[in-house]
$ cat entry13.tsv   # TSV, C-alpha atoms
chain	number	residue	atom	x	y	z
A	1	MET	CA	-4.01	3.01	-2.93
A	2	VAL	CA	-4.95	6.48	-4.24
A	3	ILE	CA	-1.39	7.15	-5.42
A	4	GLY	CA	-1.27	3.70	-7.05
A	5	THR	CA	-4.59	4.27	-8.84
A	6	ILE	CA	-3.56	7.71	-10.11
A	7	ALA	CA	-0.19	6.36	-11.22
A	8	GLY	CA	-1.97	3.44	-12.95
A	9	ALA	CA	-4.38	5.81	-14.73
A	10	ARG	CA	-1.48	7.99	-15.86
A	11	SER	CA	0.41	4.94	-17.14
A	12	ILE	CA	-2.63	3.67	-19.05
A	13	SER	CA	-3.27	7.10	-20.59
A	14	TRP	CA	0.41	7.36	-21.60
A	15	LEU	CA	0.57	3.80	-22.95
A	16	PHE	CA	-2.68	3.93	-24.95
A	17	GLY	CA	-2.41	7.52	-26.18
A	18	TYR	CA	-5.02	9.12	-23.93
A	19	ASP	CA	-2.53	11.62	-22.47
A	20	ASP	CA	-3.76	14.82	-24.18
A	21	GLU	CA	-7.41	13.88	-23.68
A	22	VAL	CA	-6.86	13.15	-19.97
A	23	LYS	CA	-4.92	16.39	-19.42
A	24	ALA	CA	-7.61	18.48	-21.16
A	25	TRP	CA	-10.38	16.72	-19.22
A	26	SER	CA	-8.56	17.06	-15.86
A	27	ILE	CA	-8.04	20.83	-16.26
A	28	HIS	CA	-11.79	21.40	-16.71
A	29	ASN	CA	-12.98	18.90	-14.08
A	30	ARG	CA	-10.81	19.50	-11.04
A	31	PRO	CA	-13.83	19.88	-8.68
A	32	LEU	CA	-15.20	16.49	-9.77
A	33	ILE	CA	-11.80	14.85	-9.13
A	34	ALA	CA	-11.70	16.46	-5.67
A	35	VAL	CA	-15.25	15.24	-4.90
A	36	VAL	CA	-14.39	11.67	-5.98
A	37	LEU	CA	-11.19	11.68	-3.88
A	38	PHE	CA	-13.10	13.07	-0.89
A	39	LEU	CA	-15.92	10.49	-1.27
A	40	SER	CA	-13.37	7.70	-1.59
A	41	ALA	CA	-11.65	8.82	1.61
A	42	VAL	CA	-14.99	9.07	3.47
A	43	ILE	CA	-16.14	5.59	2.35
A	44	TYR	CA	-12.74	4.11	3.20
A	45	GLY	CA	-12.82	5.79	6.62
A	46	MET	CA	-16.29	4.32	7.30
A	47	ALA	CA	-15.07	0.87	6.19
A	48	LYS	CA	-12.06	1.12	8.50
A	49	TRP	CA	-14.29	2.30	11.36
A	50	LEU	CA	-16.57	-0.74	10.96
A	51	GLU	CA	-13.67	-3.17	10.52
A	52	GLU	CA	-12.86	-5.49	13.40
A	53	PRO	CA	-9.49	-4.26	14.74
A	54	THR	CA	-6.69	-6.81	14.44
A	55	PRO	CA	-5.57	-7.98	17.92
B	1	MET	CA	-17.18	12.41	-22.35
B	2	MET	CA	-14.88	11.03	-19.67
B	3	PRO	CA	-11.61	9.43	-20.94
B	4	LEU	CA	-11.20	5.70	-20.29
B	5	PRO	CA	-8.27	5.95	-17.80
B	6	ILE	CA	-10.32	8.42	-15.71
B	7	VAL	CA	-13.34	6.06	-15.75
B	8	LEU	CA	-11.12	3.19	-14.59
B	9	ALA	CA	-9.50	5.33	-11.87
B	10	PHE	CA	-12.90	6.53	-10.59
B	11	ALA	CA	-14.25	2.96	-10.63
B	12	ILE	CA	-11.34	1.81	-8.46
B	13	LEU	CA	-11.35	4.87	-6.19
B	14	LEU	CA	-15.08	4.53	-5.45
B	15	GLY	CA	-15.58	0.79	-6.03
B	16	TRP	CA	-12.86	-0.63	-3.83
B	17	PRO	CA	-13.72	1.28	-0.60
B	18	SER	CA	-17.44	0.64	-1.25
B	19	LEU	CA	-16.75	-3.08	-1.56
B	20	LYS	CA	-14.74	-3.00	1.67
B	21	LEU	CA	-17.53	-1.09	3.42
B	22	ALA	CA	-20.20	-3.54	2.22
B	23	ALA	CA	-18.05	-6.50	3.31
B	24	ASN	CA	-17.53	-4.98	6.77
B	25	VAL	CA	-21.27	-4.34	7.17
B	26	VAL	CA	-21.97	-7.99	6.23
B	27	SER	CA	-19.20	-9.11	8.63
B	28	LEU	CA	-20.69	-7.41	11.72
B	29	PRO	CA	-23.30	-10.10	12.64
B	30	LEU	CA	-20.80	-12.83	11.74
B	31	TRP	CA	-18.22	-11.39	14.14
B	32	ARG	CA	-20.84	-11.31	16.92
B	33	GLU	CA	-21.72	-14.95	16.24
B	34	LEU	CA	-18.04	-15.98	16.09
B	35	LYS	CA	-17.23	-14.30	19.39
B	36	GLU	CA	-20.25	-15.91	21.04
B	37	ILE	CA	-19.24	-19.40	19.85
B	38	ARG	CA	-15.63	-18.78	20.93
B	39	ARG	CA	-16.77	-17.66	24.39
B	40	GLY	CA	-18.97	-20.77	24.72
B	41	LEU	CA	-16.19	-23.12	23.64
B	42	LEU	CA	-13.57	-21.55	25.91
B	43	ALA	CA	-15.96	-21.80	28.86
B	44	ASP	CA	-16.47	-25.54	28.25
B	45	ALA	CA	-14.79	-27.25	31.21
B	46	GLY	CA	-14.41	-30.55	29.34
B	47	LEU	CA	-11.89	-29.16	26.85
B	48	THR	CA	-8.11	-29.42	27.17
B	49	ASP	CA	-5.55	-26.64	26.70
B	50	GLU	CA	-4.81	-28.05	23.25
B	51	ASP	CA	-8.49	-27.74	22.32
B	52	ARG	CA	-8.55	-24.14	23.53
B	53	ALA	CA	-5.41	-23.36	21.54
B	54	GLN	CA	-7.16	-24.75	18.44
B	55	VAL	CA	-10.17	-22.47	19.13
B	56	GLU	CA	-7.83	-19.47	19.34
B	57	ARG	CA	-6.08	-20.51	16.13
B	58	ILE	CA	-9.37	-20.65	14.24
B	59	PHE	CA	-10.51	-17.37	15.77
B	60	THR	CA	-7.29	-15.63	14.67
B	61	SER	CA	-7.72	-16.94	11.11
B	62	ALA	CA	-10.93	-14.87	10.85
B	63	TYR	CA	-8.71	-11.76	10.61
B	64	GLY	CA	-7.42	-13.06	7.30
B	65	HIS	CA	-3.84	-12.90	6.09
B	66	PRO	CA	-2.25	-10.11	4.02
B	67	MET	CA	-1.00	-12.78	1.61
B	68	GLU	CA	-4.64	-13.22	0.50
B	69	VAL	CA	-4.01	-10.19	-1.71
B	70	LEU	CA	-1.83	-12.44	-3.89
B	71	MET	CA	-4.55	-15.10	-4.29
B	72	PRO	CA	-5.75	-13.87	-7.73
B	73	LEU	CA	-2.15	-14.02	-8.99
B	74	ILE	CA	-1.67	-17.50	-7.54
B	75	ALA	CA	-4.92	-18.66	-9.21
B	76	LEU	CA	-3.89	-17.00	-12.48
B	77	VAL	CA	-0.56	-18.87	-12.54
B	78	GLY	CA	-1.59	-22.02	-10.66
B	79	ILE	CA	-4.60	-23.10	-12.73
B	80	PRO	CA	-2.84	-23.01	-16.15
B	81	VAL	CA	0.13	-24.85	-14.57
B	82	LEU	CA	-2.31	-27.46	-13.26
B	83	ALA	CA	-3.89	-27.64	-16.72
B	84	MET	CA	-0.48	-28.25	-18.31
B	85	THR	CA	0.31	-30.91	-15.72
B	86	ALA	CA	-3.06	-32.54	-16.43
B	87	SER	CA	-2.40	-32.66	-20.15
B	88	ARG	CA	1.14	-34.00	-19.71
B	89	ALA	CA	0.62	-36.55	-16.93
B	90	GLY	CA	0.58	-40.08	-18.29
B	91	ASN	CA	-1.86	-41.60	-15.84
B	92	TYR	CA	-3.62	-38.53	-14.54
B	93	ARG	CA	-6.81	-40.38	-13.58
B	94	GLU	CA	-4.87	-42.92	-11.51
B	95	LYS	CA	-2.91	-40.16	-9.84
B	96	MET	CA	-6.13	-38.34	-8.95
B	97	GLN	CA	-7.70	-41.56	-7.64
B	98	GLY	CA	-4.60	-42.19	-5.53
B	99	TYR	CA	-4.77	-38.65	-4.19
B	100	VAL	CA	-8.48	-39.00	-3.30
B	101	ARG	CA	-7.79	-42.38	-1.63
B	102	ALA	CA	-4.98	-40.83	0.44
B	103	GLN	CA	-7.23	-37.94	1.43
B	104	SER	CA	-10.14	-40.15	2.46
B	105	SER	CA	-7.93	-42.55	4.40
B	106	GLY	CA	-6.47	-39.55	6.20
B	107	LEU	CA	-9.96	-38.39	7.12
B	108	LYS	CA	-10.93	-41.86	8.30
B	109	ASP	CA	-7.79	-42.17	10.38
B	110	PRO	CA	-8.94	-42.10	14.02
B	111	SER	CA	-5.62	-40.67	15.20
B	112	CYS	CA	-6.16	-37.78	12.81
B	113	ASN	CA	-9.82	-37.01	13.51
B	114	ASP	CA	-10.18	-37.84	17.20
B	115	ARG	CA	-6.89	-36.33	18.27
B	116	LEU	CA	-8.73	-33.35	19.75
B	117	LYS	CA	-12.06	-33.60	21.49
B	118	ILE	CA	-13.15	-30.32	19.98
B	119	PHE	CA	-13.32	-31.84	16.48
B	120	GLN	CA	-16.42	-33.75	17.58
B	121	LEU	CA	-18.32	-30.60	18.52
B	122	LYS	CA	-20.68	-29.11	15.93
B	123	LYS	CA	-20.02	-25.62	17.31
B	124	TYR	CA	-16.36	-25.91	16.41
B	125	TRP	CA	-17.15	-26.64	12.76
B	126	ASP	CA	-19.63	-23.74	12.72
B	127	MET	CA	-16.86	-21.55	14.07
B	128	GLU	CA	-14.43	-22.72	11.41
B	129	LEU	CA	-16.96	-21.98	8.65
B	130	ILE	CA	-17.71	-18.48	9.97
B	131	SER	CA	-14.00	-17.84	10.44
B	132	PHE	CA	-13.28	-18.81	6.83
B	133	GLU	CA	-16.10	-16.56	5.62
B	134	LEU	CA	-14.77	-13.63	7.65
B	135	GLY	CA	-11.24	-14.24	6.36
B	136	MET	CA	-12.58	-13.95	2.79
B	137	LEU	CA	-14.61	-10.85	3.61
B	138	ARG	CA	-11.51	-9.17	5.08
B	139	TYR	CA	-10.10	-8.83	1.55
B	140	PRO	CA	-13.25	-8.62	-0.60
B	141	GLY	CA	-11.55	-7.23	-3.71
B	142	SER	CA	-9.01	-10.01	-3.70
B	143	ALA	CA	-11.70	-12.67	-3.06
B	144	LEU	CA	-13.82	-11.39	-5.97
B	145	LEU	CA	-10.81	-11.22	-8.29
B	146	THR	CA	-9.83	-14.78	-7.31
B	147	VAL	CA	-13.33	-16.03	-8.18
B	148	PHE	CA	-13.23	-14.10	-11.47
B	149	VAL	CA	-9.77	-15.44	-12.40
B	150	THR	CA	-10.82	-18.99	-11.45
B	151	ILE	CA	-13.95	-18.76	-13.63
B	152	LEU	CA	-11.79	-17.50	-16.51
B	153	CYS	CA	-9.05	-20.13	-16.10
B	154	MET	CA	-11.18	-23.16	-15.16
B	155	PRO	CA	-12.22	-23.94	-18.78
B	156	LEU	CA	-8.47	-24.24	-19.55
B	157	LEU	CA	-8.11	-26.94	-16.92
B	158	LEU	CA	-11.25	-28.76	-18.08
B	159	LEU	CA	-10.20	-28.46	-21.74
B	160	ALA	CA	-6.70	-29.82	-21.00
B	161	PHE	CA	-8.10	-32.70	-18.95
B	162	GLY	CA	-10.82	-33.47	-21.54
B	163	MET	CA	-8.32	-33.34	-24.41
B	164	HIS	CA	-5.93	-35.59	-22.55
B	165	VAL	CA	-8.67	-38.14	-21.78
B	166	SER	CA	-10.16	-38.11	-25.30
B	167	VAL	CA	-6.80	-38.17	-27.12
B	168	THR	CA	-5.61	-41.09	-24.95
B	169	ARG	CA	-8.88	-42.94	-25.65
B	170	VAL	CA	-8.71	-42.35	-29.41
B	171	VAL	CA	-5.05	-43.42	-29.55
B	172	SER	CA	-5.77	-46.58	-27.53
B	173	ILE	CA	-8.78	-47.47	-29.75
B	174	VAL	CA	-6.72	-46.92	-32.93
B	175	PHE	CA	-3.85	-48.98	-31.50
B	176	LYS	CA	-6.12	-51.85	-30.38
B	177	SER	CA	-8.06	-51.99	-33.66
B	178	SER	CA	-4.87	-51.84	-35.75
B	179	THR	CA	-3.38	-54.68	-33.67
B	180	ILE	CA	-6.52	-56.80	-34.12
B	181	SER	CA	-6.78	-56.12	-37.86
B	182	GLY	CA	-3.02	-56.72	-38.27
B	183	GLY	CA	-3.36	-60.05	-36.52
B	184	MET	CA	-6.36	-61.02	-38.64
B	185	PHE	CA	-4.51	-60.05	-41.82
B	186	THR	CA	-1.46	-62.12	-40.82
B	187	ARG	CA	-3.67	-65.11	-39.97
B	188	SER	CA	-5.51	-64.84	-43.29
B	189	MET	CA	-2.21	-64.62	-45.20
B	190	MET	CA	-0.82	-67.69	-43.42
B	191	GLY	CA	-4.07	-69.54	-44.06
B	192	THR	CA	-4.71	-70.52	-40.46
$ encode --input "entry13.tsv" --output "structure tokens"
Amino acid sequence: MVIGTIAGARSISWLFGYDDEVKAWSIHNRPLIAVVLFLSAVIYGMAKWLEEPTP
Amino acid sequence: MMPLPIVLAFAILLGWPSLKLAANVVSLPLWRELKEIRRGLLADAGLTDEDRAQVERIFTSAYGHPMEVLMPLIALVGIPVLAMTASRAGNYREKMQGYVRAQSSGLKDPSCNDRLKIFQLKKYWDMELISFELGMLRYPGSALLTVFVTILCMPLLLLAFGMHVSVTRVVSIVFKSSTISGGMFTRSMMGT
């Protein structure tokens, strides 16, 4: 899901001409990206933990 | 200022797991209720093996199906196709009435409804409802997208059906009135 989302974001930025802007923003905001990825993983882990396991 | 692709990516990365977490929290009491009903039904000595198999089938459906992920796509393609069929079908109203008649006669059919004893128990229908709800909550993103796509596409279906009904009505009124006036004109010309 994470790989798909990143690939989708890259495709959108390439298709709609956001490439330079995204690259410049990413270089200066790596910690924020890491925090979002970490939070996403934590929330997903909690969701999986609460999910009823398939028999 | 955050670029748009990054905003979208963050929304998905944080939104989707949050939605799943919220759905699982909501599901917890429903799962407890479902398991309790299932236990009660399976312990009922008056039920046959076929009834018990039906209980298990409904219980398993609460886990959802991976194909539910495709539901938004099916709705996106299916509703416009239905709209086109509605606008093309000659006697759409009759077809719909026939379909409703067939459905209701099927429901009234005693061999269909009383085949299993369990169908007469209120608990079974409660179980089916909870099971359906849990199946939807298993894929919350897909369920929300399906609702969103349906809301977007539904006016298409209504517009196609409405256009078909109104155009047919206008054409039939024009045809009838032209026939009547043509007949009157002919009669007046022939002096009868």
$ residues_around --input "entry13.tsv" --residues "B:Leu34" --least-positions-apart "4" --cutoff "8 Å" --atoms "all atoms listed in the file" --output "VMD selection string"
chain B and resid 30 38 59 127 130 to 131
$ residues_around --input "entry13.tsv" --residues "B:Met2" --least-positions-apart "6" --cutoff "9 Å" --atoms "all atoms listed in the file" --output "MDAnalysis selection string"
chainID A and resid 21:22 25
$ closest_residue --input "entry13.tsv" --among "B:Leu82, B:Val149, B:Ala11, B:Leu4" --to "A:Thr5" --atoms "only C-alpha atoms"
B:Ala11
$ interface_residues --input "entry13.tsv" --of "chain B" --to "chain A" --cutoff "7 Å" --atoms "all atoms listed in the file" --output "ChimeraX atom specification"
/B:3,5-6,9,13-14,17-18,20-21,24,63
$ atom_distance --input "entry13.tsv" --atom1 "atom CA of B:Asp51" --atom2 "atom CA of B:Trp31"
20.7 Å
$ atom_distance --input "entry13.tsv" --atom1 "atom CA of B:Thr150" --atom2 "atom CA of B:Ala83"
12.3 Å
$ atom_distance --input "entry13.tsv" --atom1 "atom CA of A:Pro31" --atom2 "atom CA of B:Phe10"
13.5 Å
$ closest_residue --input "entry13.tsv" --among "B:Val26, B:Met84, B:Ala45, B:Val170" --to "B:Leu158" --atoms "all atoms listed in the file"
B:Met84
$ axis_aligned_box --input "entry13.tsv" --around "stretch 16-26 of chain B" --padding-each-side "6 Å" --output "lines of an AutoDock Vina configuration file"
center_x = -17.4
center_y = -3.4
center_z = 1.7
size_x = 21.1
size_y = 21.3
size_z = 23.0
